[in-house]
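Below is one structure, written out as structure tokens; comments come after it.
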2 protein chains.
Amino acid sequence: MKINGTPYRTIWPAPAGQAIEIIDQTRLPHEFVTVRLETMEEAAHAIMEMLVRGAPLIGATAAYGMALAMNDDASDSGLESAFATLVETRPTAINLRWALDRMQAHLKPVHPGMRPEAAWAEAAAIADEDVAINAAIGRNGLKLIEQAWEAKGRQGCVNILTHCNAGWLATVDWGTAIAPIYAAHDAGIPVHVWVDETRPRNQGASLTAWELKSHGVPHKVIVDNAGGHYMQHGMVDLCIVGTDRTTARGDVCNKIGTYLKALAAFDNKVPFYVALPSPTIDWRIQDGVAEIPIEERGAEEVSHLQGRTASGEILKVQVTPLGSPVANPAFDVTPARLVTALITEKGVCAASPEGLKSLFPDR
Amino acid sequence: MKINGTPYRTIWPAPAGQAIEIIDQTRLPHEFVTVRLETMEEAAHAIMEMLVRGAPLIGATAAYGMALAMNDDASDSGLESAFATLVETRPTAINLRWALDRMQAHLKPVHPGMRPEAAWAEAAAIADEDVAINAAIGRNGLKLIEQAWEAKGRQGCVNILTHCNAGWLATVDWGTAIAPIYAAHDAGIPVHVWVDETRPRNQGASLTAWELKSHGVPHKVIVDNAGGHYMQHGMVDLCIVGTDRTTARGDVCNKIGTYLKALAAFDNKVPFYVALPSPTIDWRIQDGVAEIPIEERGAEEVSHLQGRTASGEILKVQVTPLGSPVANPAFDVTPARLVTALITEKGVCAASPEGLKSLFPDR
């Protein structure tokens with residue numbers, strides 16, 4: 001998407017080749033800094049330290065990391081050692097292993113002399129496919145926003161609430177939940193986005209707000225507590241969120257707090273949509289609350305908060321009392337009964353076994 | 001309640017008389033500092049700058065402010081001017097005007113020479129009555145916690161979720177929502193409190209956590225997004241929150257985000273209790289969502305956050321992008337249908353017109 005008028009992706013080969021460039025997302029929203037990665041080790045570091053984050057973007061970065069590794073050592077042992085290093089960077093990210101498996105399977109049969117070229121081409125293909133999937137999610141979700149706009153008699157604007165960051169910064173381009181919003185904005189539908197701050201990591205306030213602002217999409221940042229109030233007062237026309245894992249019956253595991261917004265949407269008859277690339281569907285499980293283990297993350301994410309001081313310095317401050325313990329579940333599960341529809345690259349369907357089977361008949 | 005073993009109120013006459021002492025709540029949870037107020041102007045400043053906050057405590061501070069004023073100038077004009085100064089400190093606080101009206105009505109008929117003594121006695125009466133009301137709320141709510149403890153077969157502990165700060169720091173002592181928790185803890189029932197951080201002003205993380213820690217009540221701070229997840233997993237036995245305004249049918253206007261927790265409690269069959277002193281009941285209105293105007297507060301409460309740096313300095317950092325607008329509704333309304341019961345100083349009742357009339361037959 002655009003940053004102040006200039007189109008960007010979150011990752012791209014450097015103009016002179018032999019390196020990749022990324023946006024250092026740890027500096028957002030306070031500073032826009034791009035970083036050049038010239039070695040596989042630098043790519044691994046960028047994933048580990050969360051300069052890049054978001055499952056699709058992690059996958060693409062790992063794929064390009066393999067390409068960087070092939071520049072240095074395209075032997076079988078070079079291939080294996082790059083895989084081993086990169087796969088350890090974020091052990092729980094599904095796309096990471098998927099991208100590395102795909103690169104390894106693609107490169108193993110290739111003569112080492114040809115591997116660098118093949119690796120760069122395959123990494124580019126992985127990145128381009130992510131963009132194509134997200135663009136399709138955007139087109140499919142656009143229809144739902146168009147419906148809301150028509151239902152309002154094309155008056156005012158369509159107010160959309162989102163939680164966390166499922167925007168282009170989490171992918172290679174477009175994003176998942178935000179892709180339909182960009183599509184609507186670019187199509188001339190006036191949209192206004194309520195951006196949930198998304199404590200504890202504040203991905204909404206720091207990433208979603210920044211990318212919407214940079215692309216020129218009207219929005220307001222609100223605390224996570226506020227969305228229910230706006231729904232009670234008719235100030236939210238629809239919600240769109242992303243998901244980290246979707247069960248075969250349409251339960252949705254997403255950033256902590258998503259469930260609360262889905263309850264408020266249901267209570268106020270506001271449509272609650274979940275956007276997802278189909279690889280996030282876990283066909284083996286049904287009951288998300290019972291079957292999905294929820295990651296407990298470190299206390300410092302809750303007790304401390306990063307921001308910019310009046311003098312421009314970026315630092316962390318503690319907001320809890322010394323000696324008060326903290327708990328930090330990272331995700332929650334929204335039962336399918338609260339989800340109006342799922343938006344995938346194949347189309348829109350009900351959050352139900354039948355709905356999902358209608359789009360994915362082979363599963 | 002206790003601070004590391006020593007009993008405190010939030011406001012008390014200085015040992016040598018002629019002054020009052022308060023806890024500077026703007027320094028919490030990072031520093032415990034008491035401040036001596038020797039003049040009416042200092043009391044007014046303490047209210048304005050929120051060194052004291054919470055409707056009951058504001059009322060008590062204003063009453064003592066009148067007593068300080070009488071020390072300096074007990075004439076009719078001195079009385080009127082003190083009233084005029086103090087009533088302007090927080091124009092929307094109902095208890096502020098109530099306490100000042102009561103002090104003025106009490107002092108006007110008294111000979112100026114007797115006014116200082118009468119003023120100190122009446123301010124002390126106002127403070128003591130607040131303590132008595134809250135202690136009664138504590139005793140009444142204790143029965144509900146005892147029931148939960150019995151229902152669990154007296155195993156483990158009673159997990160209680162609360163939002164914002166309706167603890168002793170908001171009153172003269174005991175608090176409203178937290179009073180039953182202190183009563184249960186002091187009665188030997190093992191309780192554990194999930195403390196909602198309560199963005200944007202973080203009253204949970206900075207005040208509720210601090211007062212629970214200081215009194216020795218087990219608790220954990222969680223982000224506002226997390227409570228629904230814990231309810232889904234049976235880790236919350238009941239919720240207790242306070243209220244700023246309760247309608248005649250039992251709708252509850254409380255800190256923004258309360259509605260979301262009430263929805264989650266209802267969805268998971270977790271009792272949701274609201275504790276209130278009866279003066280917060282507004283008998284003139286029924287439908288809280290339609291009839292209660294919600295205060296929109298300043299953007300900086302959302303965009304900036306105060307905390308302690310690694311070196312111990314207390315400062316504010318910005319967490320939103322420069323140029324991203326912010327919205328900040330301060331309260332929301334929880335419909336009576338989501339409230340299991342109201343806990344008042346007169347007893348516990350259903351959140352309904354009939355329930356309230358059973359406790360307050362004269363209204």
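To be explicit about the labels: the chains of the structure tokens are called A, B, and onward in the order shown, and within each one the residues are counted from 1, while ligands get numbers from 1 in the order they are shown.
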Kindly provide, as a PDB file with N, CA, C and O atoms, in the first residue's frame, the residues of chain B having any atom no farther than 8 Å from an atom of chain A, counting only C-alpha atoms.
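Output file result18.pdb follows:
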ATOM      1  N   LEU B  28       0.794   7.391  42.528  1.00  0.00           N
ATOM      2  CA  LEU B  28       0.605   5.940  42.585  1.00  0.00           C
ATOM      3  C   LEU B  28       0.603   5.366  41.169  1.00  0.00           C
ATOM      4  O   LEU B  28       0.178   6.039  40.246  1.00  0.00           O
ATOM      5  N   PRO B  29       1.023   4.146  40.980  1.00  0.00           N
ATOM      6  CA  PRO B  29       1.462   3.178  42.001  1.00  0.00           C
ATOM      7  C   PRO B  29       2.961   3.257  42.280  1.00  0.00           C
ATOM      8  O   PRO B  29       3.479   2.403  42.978  1.00  0.00           O
ATOM      9  N   HIS B  30       3.605   4.279  41.727  1.00  0.00           N
ATOM     10  CA  HIS B  30       5.074   4.241  41.739  1.00  0.00           C
ATOM     11  C   HIS B  30       5.661   4.796  43.027  1.00  0.00           C
ATOM     12  O   HIS B  30       6.740   4.396  43.441  1.00  0.00           O
ATOM     13  N   THR B 198      -7.753  -1.214  32.707  1.00  0.00           N
ATOM     14  CA  THR B 198      -8.689  -0.093  32.584  1.00  0.00           C
ATOM     15  C   THR B 198      -8.108   1.106  31.844  1.00  0.00           C
ATOM     16  O   THR B 198      -7.928   2.200  32.383  1.00  0.00           O
ATOM     17  N   ARG B 199      -7.783   0.851  30.585  1.00  0.00           N
ATOM     18  CA  ARG B 199      -7.413   1.947  29.691  1.00  0.00           C
ATOM     19  C   ARG B 199      -8.629   2.835  29.464  1.00  0.00           C
ATOM     20  O   ARG B 199      -9.748   2.346  29.465  1.00  0.00           O
ATOM     21  N   PRO B 200      -8.469   4.169  29.270  1.00  0.00           N
ATOM     22  CA  PRO B 200      -7.160   4.792  29.053  1.00  0.00           C
ATOM     23  C   PRO B 200      -6.445   5.287  30.313  1.00  0.00           C
ATOM     24  O   PRO B 200      -5.249   5.526  30.253  1.00  0.00           O
ATOM     25  N   ALA B 205      -4.670  -0.857  36.814  1.00  0.00           N
ATOM     26  CA  ALA B 205      -3.249  -1.192  36.946  1.00  0.00           C
ATOM     27  C   ALA B 205      -2.563  -0.316  37.972  1.00  0.00           C
ATOM     28  O   ALA B 205      -1.660  -0.767  38.682  1.00  0.00           O
ATOM     29  N   SER B 206      -2.965   0.948  38.075  1.00  0.00           N
ATOM     30  CA  SER B 206      -2.198   1.822  38.954  1.00  0.00           C
ATOM     31  C   SER B 206      -2.814   1.954  40.344  1.00  0.00           C
ATOM     32  O   SER B 206      -2.079   2.132  41.306  1.00  0.00           O
ATOM     33  N   ALA B 209      -4.638  -2.358  41.654  1.00  0.00           N
ATOM     34  CA  ALA B 209      -3.540  -3.302  41.920  1.00  0.00           C
ATOM     35  C   ALA B 209      -2.735  -2.840  43.129  1.00  0.00           C
ATOM     36  O   ALA B 209      -2.390  -3.642  44.007  1.00  0.00           O
ATOM     37  N   TRP B 210      -2.480  -1.553  43.209  1.00  0.00           N
ATOM     38  CA  TRP B 210      -1.666  -1.035  44.323  1.00  0.00           C
ATOM     39  C   TRP B 210      -2.374  -1.227  45.662  1.00  0.00           C
ATOM     40  O   TRP B 210      -1.762  -1.653  46.637  1.00  0.00           O
ATOM     41  N   LYS B 213      -2.463  -4.969  46.566  1.00  0.00           N
ATOM     42  CA  LYS B 213      -1.114  -5.381  46.970  1.00  0.00           C
ATOM     43  C   LYS B 213      -0.796  -4.867  48.379  1.00  0.00           C
ATOM     44  O   LYS B 213      -0.292  -5.598  49.231  1.00  0.00           O
ATOM     45  N   HIS B 219      -3.811 -11.020  43.697  1.00  0.00           N
ATOM     46  CA  HIS B 219      -4.407 -10.450  42.481  1.00  0.00           C
ATOM     47  C   HIS B 219      -3.432 -10.592  41.330  1.00  0.00           C
ATOM     48  O   HIS B 219      -2.244 -10.852  41.543  1.00  0.00           O
ATOM     49  N   LYS B 220      -3.955 -10.413  40.114  1.00  0.00           N
ATOM     50  CA  LYS B 220      -3.103 -10.288  38.928  1.00  0.00           C
ATOM     51  C   LYS B 220      -3.656  -9.178  38.047  1.00  0.00           C
ATOM     52  O   LYS B 220      -4.868  -9.076  37.853  1.00  0.00           O
ATOM     53  N   VAL B 221      -2.785  -8.389  37.492  1.00  0.00           N
ATOM     54  CA  VAL B 221      -3.190  -7.364  36.530  1.00  0.00           C
ATOM     55  C   VAL B 221      -3.305  -8.009  35.153  1.00  0.00           C
ATOM     56  O   VAL B 221      -2.423  -8.760  34.731  1.00  0.00           O
ATOM     57  N   ILE B 222      -4.415  -7.729  34.460  1.00  0.00           N
ATOM     58  CA  ILE B 222      -4.591  -8.218  33.089  1.00  0.00           C
ATOM     59  C   ILE B 222      -5.027  -7.047  32.206  1.00  0.00           C
ATOM     60  O   ILE B 222      -5.572  -6.059  32.703  1.00  0.00           O
ATOM     61  N   VAL B 223      -4.783  -7.149  30.920  1.00  0.00           N
ATOM     62  CA  VAL B 223      -5.296  -6.110  30.014  1.00  0.00           C
ATOM     63  C   VAL B 223      -6.814  -6.257  29.923  1.00  0.00           C
ATOM     64  O   VAL B 223      -7.373  -7.324  30.203  1.00  0.00           O
ATOM     65  N   ASP B 224      -7.467  -5.174  29.528  1.00  0.00           N
ATOM     66  CA  ASP B 224      -8.929  -5.173  29.455  1.00  0.00           C
ATOM     67  C   ASP B 224      -9.451  -6.216  28.472  1.00  0.00           C
ATOM     68  O   ASP B 224     -10.602  -6.637  28.562  1.00  0.00           O
ATOM     69  N   ASN B 225      -8.604  -6.625  27.527  1.00  0.00           N
ATOM     70  CA  ASN B 225      -9.001  -7.617  26.528  1.00  0.00           C
ATOM     71  C   ASN B 225      -9.114  -9.037  27.073  1.00  0.00           C
ATOM     72  O   ASN B 225      -9.685  -9.903  26.412  1.00  0.00           O
ATOM     73  N   ALA B 226      -8.546  -9.308  28.256  1.00  0.00           N
ATOM     74  CA  ALA B 226      -8.324 -10.704  28.664  1.00  0.00           C
ATOM     75  C   ALA B 226      -9.495 -11.348  29.420  1.00  0.00           C
ATOM     76  O   ALA B 226      -9.615 -12.570  29.444  1.00  0.00           O
ATOM     77  N   GLY B 228     -12.708 -11.874  29.070  1.00  0.00           N
ATOM     78  CA  GLY B 228     -13.614 -12.799  28.382  1.00  0.00           C
ATOM     79  C   GLY B 228     -13.002 -14.183  28.257  1.00  0.00           C
ATOM     80  O   GLY B 228     -13.662 -15.205  28.489  1.00  0.00           O
ATOM     81  N   HIS B 229     -11.730 -14.219  27.915  1.00  0.00           N
ATOM     82  CA  HIS B 229     -11.011 -15.490  27.795  1.00  0.00           C
ATOM     83  C   HIS B 229     -11.027 -16.258  29.118  1.00  0.00           C
ATOM     84  O   HIS B 229     -11.306 -17.463  29.148  1.00  0.00           O
ATOM     85  N   GLN B 232     -14.442 -17.712  29.715  1.00  0.00           N
ATOM     86  CA  GLN B 232     -14.689 -18.894  28.882  1.00  0.00           C
ATOM     87  C   GLN B 232     -14.084 -20.153  29.504  1.00  0.00           C
ATOM     88  O   GLN B 232     -14.586 -21.251  29.285  1.00  0.00           O
ATOM     89  N   HIS B 233     -12.996 -19.968  30.229  1.00  0.00           N
ATOM     90  CA  HIS B 233     -12.280 -21.124  30.763  1.00  0.00           C
ATOM     91  C   HIS B 233     -12.541 -21.370  32.249  1.00  0.00           C
ATOM     92  O   HIS B 233     -11.757 -22.045  32.924  1.00  0.00           O
ATOM     93  N   ILE B 256     -15.793   3.110  30.949  1.00  0.00           N
ATOM     94  CA  ILE B 256     -15.815   2.516  29.613  1.00  0.00           C
ATOM     95  C   ILE B 256     -15.208   1.097  29.648  1.00  0.00           C
ATOM     96  O   ILE B 256     -14.165   0.877  30.251  1.00  0.00           O
ATOM     97  N   GLY B 257     -15.924   0.164  29.016  1.00  0.00           N
ATOM     98  CA  GLY B 257     -15.459  -1.219  28.974  1.00  0.00           C
ATOM     99  C   GLY B 257     -16.212  -2.141  29.917  1.00  0.00           C
ATOM    100  O   GLY B 257     -16.140  -3.362  29.774  1.00  0.00           O
ATOM    101  N   THR B 258     -16.952  -1.555  30.866  1.00  0.00           N
ATOM    102  CA  THR B 258     -17.732  -2.382  31.792  1.00  0.00           C
ATOM    103  C   THR B 258     -18.745  -3.238  31.036  1.00  0.00           C
ATOM    104  O   THR B 258     -18.930  -4.431  31.327  1.00  0.00           O
ATOM    105  N   TYR B 259     -19.391  -2.626  30.032  1.00  0.00           N
ATOM    106  CA  TYR B 259     -20.400  -3.333  29.219  1.00  0.00           C
ATOM    107  C   TYR B 259     -19.826  -4.588  28.574  1.00  0.00           C
ATOM    108  O   TYR B 259     -20.481  -5.648  28.547  1.00  0.00           O
ATOM    109  N   LEU B 260     -18.595  -4.516  28.084  1.00  0.00           N
ATOM    110  CA  LEU B 260     -17.991  -5.680  27.428  1.00  0.00           C
ATOM    111  C   LEU B 260     -17.799  -6.829  28.419  1.00  0.00           C
ATOM    112  O   LEU B 260     -18.008  -8.002  28.081  1.00  0.00           O
ATOM    113  N   LYS B 261     -17.411  -6.508  29.639  1.00  0.00           N
ATOM    114  CA  LYS B 261     -17.226  -7.552  30.649  1.00  0.00           C
ATOM    115  C   LYS B 261     -18.567  -8.153  31.064  1.00  0.00           C
ATOM    116  O   LYS B 261     -18.674  -9.349  31.335  1.00  0.00           O
ATOM    117  N   LEU B 263     -21.182  -8.438  29.122  1.00  0.00           N
ATOM    118  CA  LEU B 263     -21.572  -9.332  28.028  1.00  0.00           C
ATOM    119  C   LEU B 263     -20.882 -10.686  28.163  1.00  0.00           C
ATOM    120  O   LEU B 263     -21.510 -11.743  27.997  1.00  0.00           O
ATOM    121  N   ALA B 264     -19.588 -10.647  28.459  1.00  0.00           N
ATOM    122  CA  ALA B 264     -18.835 -11.900  28.578  1.00  0.00           C
ATOM    123  C   ALA B 264     -19.320 -12.704  29.783  1.00  0.00           C
ATOM    124  O   ALA B 264     -19.423 -13.933  29.723  1.00  0.00           O
ATOM    125  N   VAL B 289     -28.790   3.729  28.197  1.00  0.00           N
ATOM    126  CA  VAL B 289     -28.140   3.946  26.900  1.00  0.00           C
ATOM    127  C   VAL B 289     -28.732   5.177  26.216  1.00  0.00           C
ATOM    128  O   VAL B 289     -28.012   6.006  25.657  1.00  0.00           O
ATOM    129  N   VAL B 302      -5.645   8.884  25.708  1.00  0.00           N
ATOM    130  CA  VAL B 302      -5.470   7.695  24.878  1.00  0.00           C
ATOM    131  C   VAL B 302      -4.088   7.689  24.221  1.00  0.00           C
ATOM    132  O   VAL B 302      -3.417   6.670  24.162  1.00  0.00           O
ATOM    133  N   GLN B 306       1.330   7.419  31.205  1.00  0.00           N
ATOM    134  CA  GLN B 306       2.348   7.723  32.211  1.00  0.00           C
ATOM    135  C   GLN B 306       2.881   6.446  32.837  1.00  0.00           C
ATOM    136  O   GLN B 306       2.130   5.518  33.114  1.00  0.00           O
ATOM    137  N   GLY B 307       4.170   6.430  33.062  1.00  0.00           N
ATOM    138  CA  GLY B 307       4.770   5.281  33.721  1.00  0.00           C
ATOM    139  C   GLY B 307       6.128   5.641  34.292  1.00  0.00           C
ATOM    140  O   GLY B 307       6.546   6.799  34.244  1.00  0.00           O
ATOM    141  N   ARG B 308       6.783   4.622  34.844  1.00  0.00           N
ATOM    142  CA  ARG B 308       8.092   4.835  35.462  1.00  0.00           C
ATOM    143  C   ARG B 308       9.180   4.270  34.561  1.00  0.00           C
ATOM    144  O   ARG B 308       9.118   3.115  34.136  1.00  0.00           O
ATOM    145  N   THR B 309      10.186   5.070  34.277  1.00  0.00           N
ATOM    146  CA  THR B 309      11.301   4.603  33.462  1.00  0.00           C
ATOM    147  C   THR B 309      12.205   3.702  34.291  1.00  0.00           C
ATOM    148  O   THR B 309      12.070   3.609  35.510  1.00  0.00           O
ATOM    149  N   ALA B 310      13.134   3.041  33.596  1.00  0.00           N
ATOM    150  CA  ALA B 310      14.067   2.141  34.280  1.00  0.00           C
ATOM    151  C   ALA B 310      14.846   2.888  35.354  1.00  0.00           C
ATOM    152  O   ALA B 310      15.217   2.315  36.381  1.00  0.00           O
ATOM    153  N   LEU B 315       7.241   9.634  33.785  1.00  0.00           N
ATOM    154  CA  LEU B 315       7.003  10.528  32.649  1.00  0.00           C
ATOM    155  C   LEU B 315       5.967   9.940  31.712  1.00  0.00           C
ATOM    156  O   LEU B 315       5.562   8.784  31.834  1.00  0.00           O
ATOM    157  N   LYS B 316       5.532  10.784  30.760  1.00  0.00           N
ATOM    158  CA  LYS B 316       4.521  10.374  29.790  1.00  0.00           C
ATOM    159  C   LYS B 316       5.174  10.070  28.451  1.00  0.00           C
ATOM    160  O   LYS B 316       6.062  10.787  28.013  1.00  0.00           O
ATOM    161  N   VAL B 317       4.683   8.992  27.810  1.00  0.00           N
ATOM    162  CA  VAL B 317       5.139   8.690  26.455  1.00  0.00           C
ATOM    163  C   VAL B 317       3.918   8.615  25.548  1.00  0.00           C
ATOM    164  O   VAL B 317       2.814   8.272  25.980  1.00  0.00           O
ATOM    165  N   GLN B 318       4.125   8.960  24.271  1.00  0.00           N
ATOM    166  CA  GLN B 318       3.043   8.864  23.290  1.00  0.00           C
ATOM    167  C   GLN B 318       3.066   7.477  22.659  1.00  0.00           C
ATOM    168  O   GLN B 318       4.123   6.958  22.302  1.00  0.00           O
ATOM    169  N   VAL B 319       1.870   6.860  22.526  1.00  0.00           N
ATOM    170  CA  VAL B 319       1.811   5.508  21.974  1.00  0.00           C
ATOM    171  C   VAL B 319       1.109   5.460  20.617  1.00  0.00           C
ATOM    172  O   VAL B 319       1.092   4.417  19.977  1.00  0.00           O
ATOM    173  N   THR B 320       0.533   6.542  20.173  1.00  0.00           N
ATOM    174  CA  THR B 320      -0.148   6.578  18.871  1.00  0.00           C
ATOM    175  C   THR B 320       0.719   7.337  17.872  1.00  0.00           C
ATOM    176  O   THR B 320       1.588   8.114  18.264  1.00  0.00           O
ATOM    177  N   PRO B 321       0.462   7.120  16.563  1.00  0.00           N
ATOM    178  CA  PRO B 321       1.239   7.873  15.571  1.00  0.00           C
ATOM    179  C   PRO B 321       0.892   9.358  15.634  1.00  0.00           C
ATOM    180  O   PRO B 321      -0.255   9.721  15.887  1.00  0.00           O
ATOM    181  N   LEU B 322       1.872  10.200  15.374  1.00  0.00           N
ATOM    182  CA  LEU B 322       1.598  11.623  15.196  1.00  0.00           C
ATOM    183  C   LEU B 322       0.618  11.749  14.039  1.00  0.00           C
ATOM    184  O   LEU B 322       0.820  11.156  12.981  1.00  0.00           O
ATOM    185  N   GLY B 323      -0.466  12.482  14.248  1.00  0.00           N
ATOM    186  CA  GLY B 323      -1.399  12.708  13.150  1.00  0.00           C
ATOM    187  C   GLY B 323      -2.551  11.737  13.091  1.00  0.00           C
ATOM    188  O   GLY B 323      -3.439  11.888  12.266  1.00  0.00           O
ATOM    189  N   SER B 324      -2.559  10.698  13.947  1.00  0.00           N
ATOM    190  CA  SER B 324      -3.726   9.804  14.009  1.00  0.00           C
ATOM    191  C   SER B 324      -4.705  10.342  15.044  1.00  0.00           C
ATOM    192  O   SER B 324      -4.357  10.469  16.218  1.00  0.00           O
ATOM    193  N   PRO B 325      -5.948  10.671  14.630  1.00  0.00           N
ATOM    194  CA  PRO B 325      -6.896  11.181  15.616  1.00  0.00           C
ATOM    195  C   PRO B 325      -7.341  10.090  16.586  1.00  0.00           C
ATOM    196  O   PRO B 325      -7.169   8.901  16.334  1.00  0.00           O
ATOM    197  N   VAL B 326      -7.937  10.545  17.677  1.00  0.00           N
ATOM    198  CA  VAL B 326      -8.283   9.671  18.791  1.00  0.00           C
ATOM    199  C   VAL B 326      -9.692  10.007  19.258  1.00  0.00           C
ATOM    200  O   VAL B 326     -10.114  11.151  19.165  1.00  0.00           O
ATOM    201  N   ALA B 327     -10.445   9.009  19.731  1.00  0.00           N
ATOM    202  CA  ALA B 327     -11.719   9.284  20.391  1.00  0.00           C
ATOM    203  C   ALA B 327     -11.659   8.663  21.781  1.00  0.00           C
ATOM    204  O   ALA B 327     -10.997   7.642  21.974  1.00  0.00           O
ATOM    205  N   ASN B 328     -12.349   9.263  22.759  1.00  0.00           N
ATOM    206  CA  ASN B 328     -12.155   8.861  24.152  1.00  0.00           C
ATOM    207  C   ASN B 328     -13.430   8.985  24.988  1.00  0.00           C
ATOM    208  O   ASN B 328     -13.532   9.837  25.866  1.00  0.00           O
ATOM    209  N   PRO B 329     -14.417   8.107  24.735  1.00  0.00           N
ATOM    210  CA  PRO B 329     -15.608   8.119  25.595  1.00  0.00           C
ATOM    211  C   PRO B 329     -15.244   7.551  26.966  1.00  0.00           C
ATOM    212  O   PRO B 329     -14.588   6.518  27.051  1.00  0.00           O
ATOM    213  N   ASP B 332     -19.502   3.765  29.712  1.00  0.00           N
ATOM    214  CA  ASP B 332     -20.525   3.129  28.892  1.00  0.00           C
ATOM    215  C   ASP B 332     -21.644   2.648  29.809  1.00  0.00           C
ATOM    216  O   ASP B 332     -21.533   2.739  31.040  1.00  0.00           O
ATOM    217  N   VAL B 333     -22.719   2.190  29.201  1.00  0.00           N
ATOM    218  CA  VAL B 333     -23.892   1.783  29.967  1.00  0.00           C
ATOM    219  C   VAL B 333     -24.098   0.278  29.821  1.00  0.00           C
ATOM    220  O   VAL B 333     -24.122  -0.250  28.710  1.00  0.00           O
TER     221      VAL B 333
END
### Task
Do a neighbour search on stretch 38-51 of chain A at 12 Å with only C-alpha atoms, toss out local chain neighbours closer than 3 positions, and write the hits as a ChimeraX atom specification.
/A:10-11,13-14,16-28,32-35,54-73,78-79,81-93,96,169-170
### Message
Please compute the atom CA of B:Val339-atom CA of B:Thr171 distance, one decimal, in Å.
### Response
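Between atom CA of B:Val339 and atom CA of B:Thr171 the gap is 23.1 Å.
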### Query
Could you pull out the helix (DSSP H, G or I) residues of stretch 143-345 of chain A from DSSP and send them as an NGL selection string?
:A and (143-151 or 168-170 or 179-186 or 203-215 or 227-232 or 258-267 or 278-280 or 288-291 or 300-303 or 336-338)
### Task
Kindly indicate which residue among A:Asp287, A:Asp173, A:Asn165, A:Leu342 lies nearest to A:Pro7, using only C-alpha atoms for the distances.
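Answer, going by the shortest atom-to-atom distance: A:Asp173.
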### strand (DSSP E) residues, from DSSP on the backbone, in stretch 62-274 of chain A, as number ranges by chain
A: 158-162, 191-196, 219-222, 238-241, 245-247, 252-255, 272-274
Can you list every residue of stretch 242-313 of chain B that has an atom at most 10 Å from stretch 139-155 of chain B, with its nearest atom pair and the distance in Å to one decimal, using only C-alpha atoms, ordered by chain then number, as a Markdown table?
| residue | atom | partner | partner_atom | distance |
| --- | --- | --- | --- | --- |
| B:Pro271 | CA | B:Ala148 | CA | 9.6 |
| B:Tyr273 | CA | B:Gly141 | CA | 8.8 |
| B:Val274 | CA | B:Gly141 | CA | 9.6 |
| B:Ala275 | CA | B:Gly141 | CA | 7.9 |
Keeping only all heavy atoms, write those residues as an mmCIF file, in the first residue's frame.
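The file below, result08.cif, is the result:
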data_model
loop_
_atom_site.group_PDB
_atom_site.id
_atom_site.type_symbol
_atom_site.label_atom_id
_atom_site.label_comp_id
_atom_site.auth_asym_id
_atom_site.auth_seq_id
_atom_site.Cartn_x
_atom_site.Cartn_y
_atom_site.Cartn_z
ATOM 1 N N PRO B 271 -21.796 -14.682 37.452
ATOM 2 C CA PRO B 271 -22.554 -13.584 38.073
ATOM 3 C C PRO B 271 -21.829 -12.248 37.910
ATOM 4 O O PRO B 271 -20.611 -12.172 38.084
ATOM 5 C CB PRO B 271 -22.614 -14.000 39.548
ATOM 6 C CG PRO B 271 -22.376 -15.468 39.562
ATOM 7 C CD PRO B 271 -21.466 -15.750 38.405
ATOM 8 N N TYR B 273 -21.991 -8.536 39.402
ATOM 9 C CA TYR B 273 -22.554 -7.704 40.466
ATOM 10 C C TYR B 273 -22.065 -6.267 40.335
ATOM 11 O O TYR B 273 -20.924 -6.027 39.947
ATOM 12 C CB TYR B 273 -22.143 -8.238 41.842
ATOM 13 C CG TYR B 273 -22.617 -9.651 42.121
ATOM 14 C CD1 TYR B 273 -21.707 -10.686 42.329
ATOM 15 C CD2 TYR B 273 -23.974 -9.950 42.165
ATOM 16 C CE1 TYR B 273 -22.136 -11.982 42.593
ATOM 17 C CE2 TYR B 273 -24.416 -11.251 42.425
ATOM 18 C CZ TYR B 273 -23.489 -12.257 42.636
ATOM 19 O OH TYR B 273 -23.913 -13.532 42.886
ATOM 20 N N VAL B 274 -22.948 -5.340 40.683
ATOM 21 C CA VAL B 274 -22.574 -3.927 40.692
ATOM 22 C C VAL B 274 -22.796 -3.389 42.102
ATOM 23 O O VAL B 274 -23.894 -3.528 42.661
ATOM 24 C CB VAL B 274 -23.397 -3.126 39.669
ATOM 25 C CG1 VAL B 274 -23.002 -1.653 39.712
ATOM 26 C CG2 VAL B 274 -23.191 -3.697 38.265
ATOM 27 N N ALA B 275 -21.752 -2.810 42.682
ATOM 28 C CA ALA B 275 -21.828 -2.275 44.046
ATOM 29 C C ALA B 275 -21.998 -0.768 43.996
ATOM 30 O O ALA B 275 -21.323 -0.088 43.223
ATOM 31 C CB ALA B 275 -20.555 -2.626 44.818
#
### Query
What's the 6 Å shell around stretch 235-252 of chain A, counting only C-alpha atoms, without same-chain residues fewer than 6 positions away, as JSON, numbers by chain?
{"A": [159, 160, 161, 162, 163, 166, 177, 270, 271, 272, 273, 274, 275, 280, 281, 282, 283, 285, 286, 288, 333, 334, 335, 336, 351, 352, 353]}
### Task
Would you mind listing what lies within 8 Å of B:Trp174 as a ChimeraX atom specification, with only C-alpha atoms counted and same-chain residues fewer than 2 positions away left out?
/B:1,131,134-135,138,167-168,171-172,176,178-179,182
### Query
What gap, in Å, lies between atom CA of A:Val52 and atom CA of A:Val193?
23.9 Å
